[in-house]
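Structure record follows, encoded as structure tokens.
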Amino acid sequence: MSMAQSLSKLYIHVVFHIKTESVRIRKEDKSDLYAYIGAIIKDKDSIPILINGTDDHLHILCVMSKNITLSKLVEEIKGNSSRWIKRFNSYYKDFAWQGGYGGFSVSPSLHDKTKRYIENQEEHHKKMTFREEYLMFLKEYGIEYNEQHLWTD
């Protein structure tokens, strides 16, 4: 007996930040930016579940296609959204994402909890900085890192 199809369902939580010197994402532009990013994800045969963030970073929960690597998906999202937002409004002429990102697998049992976490970004960041949040994820997932290289653009 052989398997005729390749099947997968990979829930991925992606986090990335703007460059230190970049202009911040305005509240009134978030829904347009998130819709555009959702379209990029769909174009890569993946399924956007939720995109949300603050003025300096964002979180994406999606089902990643079996036909793309995480690094390629994030590269497509960041590159295309950066070009788009610069054309969207002249305010963003100096906009840029940082080079790095965090990618975390999400088990189906934690899907709803992760979704609620992403939905409540504004509330979380009244109590926790992005730096604290990101370090929390790295520790929670047991990811080794060199803090010297985490915060450079």
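Here, A, B, ... name the chains of the structure tokens in the order displayed, residue numbers run from 1 inside each chain, and ligands are numbered from 1 in the same displayed order.
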Practice prompt. Write out as a PyMOL selection string the residues lying within 6 Å of segment 23-29 of chain A, counting only C-alpha atoms and excluding same-chain residues fewer than 6 positions away.
Written response: chain A and resi 55-56+95
Selection above as a file: all heavy atoms, as a compact mmCIF listing (two decimals), in the first residue's frame:
# COMPACT_ATOMS: atom_id res chain seq x y z
N ASP A 55 1.53 48.94 16.73
CA ASP A 55 2.12 49.87 15.76
C ASP A 55 3.55 49.49 15.36
O ASP A 55 4.08 50.04 14.41
CB ASP A 55 2.08 51.31 16.29
CG ASP A 55 2.93 51.52 17.54
OD1 ASP A 55 3.40 50.53 18.15
OD2 ASP A 55 3.11 52.69 17.92
N ASP A 56 4.17 48.52 16.06
CA ASP A 56 5.55 48.19 15.73
C ASP A 56 5.81 46.72 15.41
O ASP A 56 6.93 46.35 15.08
CB ASP A 56 6.50 48.66 16.84
CG ASP A 56 6.32 47.92 18.16
OD1 ASP A 56 5.44 47.03 18.26
OD2 ASP A 56 7.06 48.25 19.10
N PHE A 95 9.23 53.09 5.51
CA PHE A 95 8.82 51.90 6.24
C PHE A 95 9.71 50.71 5.89
O PHE A 95 10.11 50.52 4.75
CB PHE A 95 7.36 51.53 5.91
CG PHE A 95 6.89 50.32 6.66
CD1 PHE A 95 6.38 50.45 7.94
CD2 PHE A 95 6.99 49.06 6.10
CE1 PHE A 95 5.96 49.34 8.65
CE2 PHE A 95 6.57 47.93 6.81
CZ PHE A 95 6.06 48.08 8.08
Practice prompt. With a distance cut-off of 8 Å and only C-alpha atoms, select the neighbouring residues of segment 36-47 of chain A, excluding the residue or stretch itself and same-chain residues fewer than 4 positions from it, and output the selection as a PyMOL selection string.
Written response: chain A and resi 32+51+62-65+67-68+73+76-77+80-81
Selection to disk with N, CA and C atoms, as a PDB file, in the first residue's frame:
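This is the output file part-v2.pdb:
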ATOM      1  N   ASP A  32      -6.258  47.588   6.368  1.00  0.00           N
ATOM      2  CA  ASP A  32      -5.823  47.482   4.968  1.00  0.00           C
ATOM      3  C   ASP A  32      -4.547  46.655   4.856  1.00  0.00           C
ATOM      4  N   ILE A  51      -4.587  37.915  11.620  1.00  0.00           N
ATOM      5  CA  ILE A  51      -3.436  38.815  11.563  1.00  0.00           C
ATOM      6  C   ILE A  51      -3.775  39.992  12.465  1.00  0.00           C
ATOM      7  N   CYS A  62      -1.644  31.189  10.754  1.00  0.00           N
ATOM      8  CA  CYS A  62      -2.096  30.676   9.453  1.00  0.00           C
ATOM      9  C   CYS A  62      -1.874  29.174   9.375  1.00  0.00           C
ATOM     10  N   VAL A  63      -2.511  28.583   8.389  1.00  0.00           N
ATOM     11  CA  VAL A  63      -2.218  27.208   8.023  1.00  0.00           C
ATOM     12  C   VAL A  63      -1.265  27.305   6.842  1.00  0.00           C
ATOM     13  N   MET A  64      -0.073  26.793   7.021  1.00  0.00           N
ATOM     14  CA  MET A  64       0.963  26.915   6.002  1.00  0.00           C
ATOM     15  C   MET A  64       0.859  25.777   4.992  1.00  0.00           C
ATOM     16  N   SER A  65       0.945  26.149   3.733  1.00  0.00           N
ATOM     17  CA  SER A  65       0.913  25.168   2.647  1.00  0.00           C
ATOM     18  C   SER A  65       2.087  24.204   2.760  1.00  0.00           C
ATOM     19  N   ASN A  67       3.591  23.255   0.297  1.00  0.00           N
ATOM     20  CA  ASN A  67       4.409  23.549  -0.880  1.00  0.00           C
ATOM     21  C   ASN A  67       5.321  24.756  -0.721  1.00  0.00           C
ATOM     22  N   ILE A  68       5.474  25.275   0.495  1.00  0.00           N
ATOM     23  CA  ILE A  68       6.325  26.440   0.718  1.00  0.00           C
ATOM     24  C   ILE A  68       7.033  26.294   2.055  1.00  0.00           C
ATOM     25  N   LEU A  73       7.701  31.850   2.844  1.00  0.00           N
ATOM     26  CA  LEU A  73       6.411  32.486   3.118  1.00  0.00           C
ATOM     27  C   LEU A  73       6.619  33.838   3.798  1.00  0.00           C
ATOM     28  N   GLU A  76       8.035  36.426   1.374  1.00  0.00           N
ATOM     29  CA  GLU A  76       6.988  36.928   0.478  1.00  0.00           C
ATOM     30  C   GLU A  76       6.091  37.940   1.199  1.00  0.00           C
ATOM     31  N   ILE A  77       5.698  37.620   2.418  1.00  0.00           N
ATOM     32  CA  ILE A  77       4.829  38.507   3.194  1.00  0.00           C
ATOM     33  C   ILE A  77       5.525  39.841   3.447  1.00  0.00           C
ATOM     34  N   ASN A  80       6.538  41.846  -0.057  1.00  0.00           N
ATOM     35  CA  ASN A  80       5.376  42.393  -0.771  1.00  0.00           C
ATOM     36  C   ASN A  80       4.621  43.424   0.053  1.00  0.00           C
ATOM     37  N   SER A  81       4.460  43.182   1.356  1.00  0.00           N
ATOM     38  CA  SER A  81       3.717  44.142   2.180  1.00  0.00           C
ATOM     39  C   SER A  81       4.502  45.436   2.355  1.00  0.00           C
TER      40      SER A  81
END
Fill in: d(atom CA of Lys30 of chain A, atom CA of Asn120 of chain A) in Å
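Separation between atom CA of Lys30 of chain A and atom CA of Asn120 of chain A: 14.4 Å.
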Worksheet entry | Every residue of chain A that DSSP places in strand (DSSP E or B), as a PyMOL selection string | chain A and resi 10-18+47-53+57-64+97+102-106
Discussion item. Using Å and a single decimal, report how far atom CA of Ser105 of chain A sits from atom CA of Thr69 of chain A.
Written reply: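 Going from atom CA of Thr69 of chain A over to atom CA of Ser105 of chain A, I get 13.0 Å.
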Response to the item:
atom CA of Leu110 of chain A sits from atom CA of Glu123 of chain A at a separation of 19.7 Å
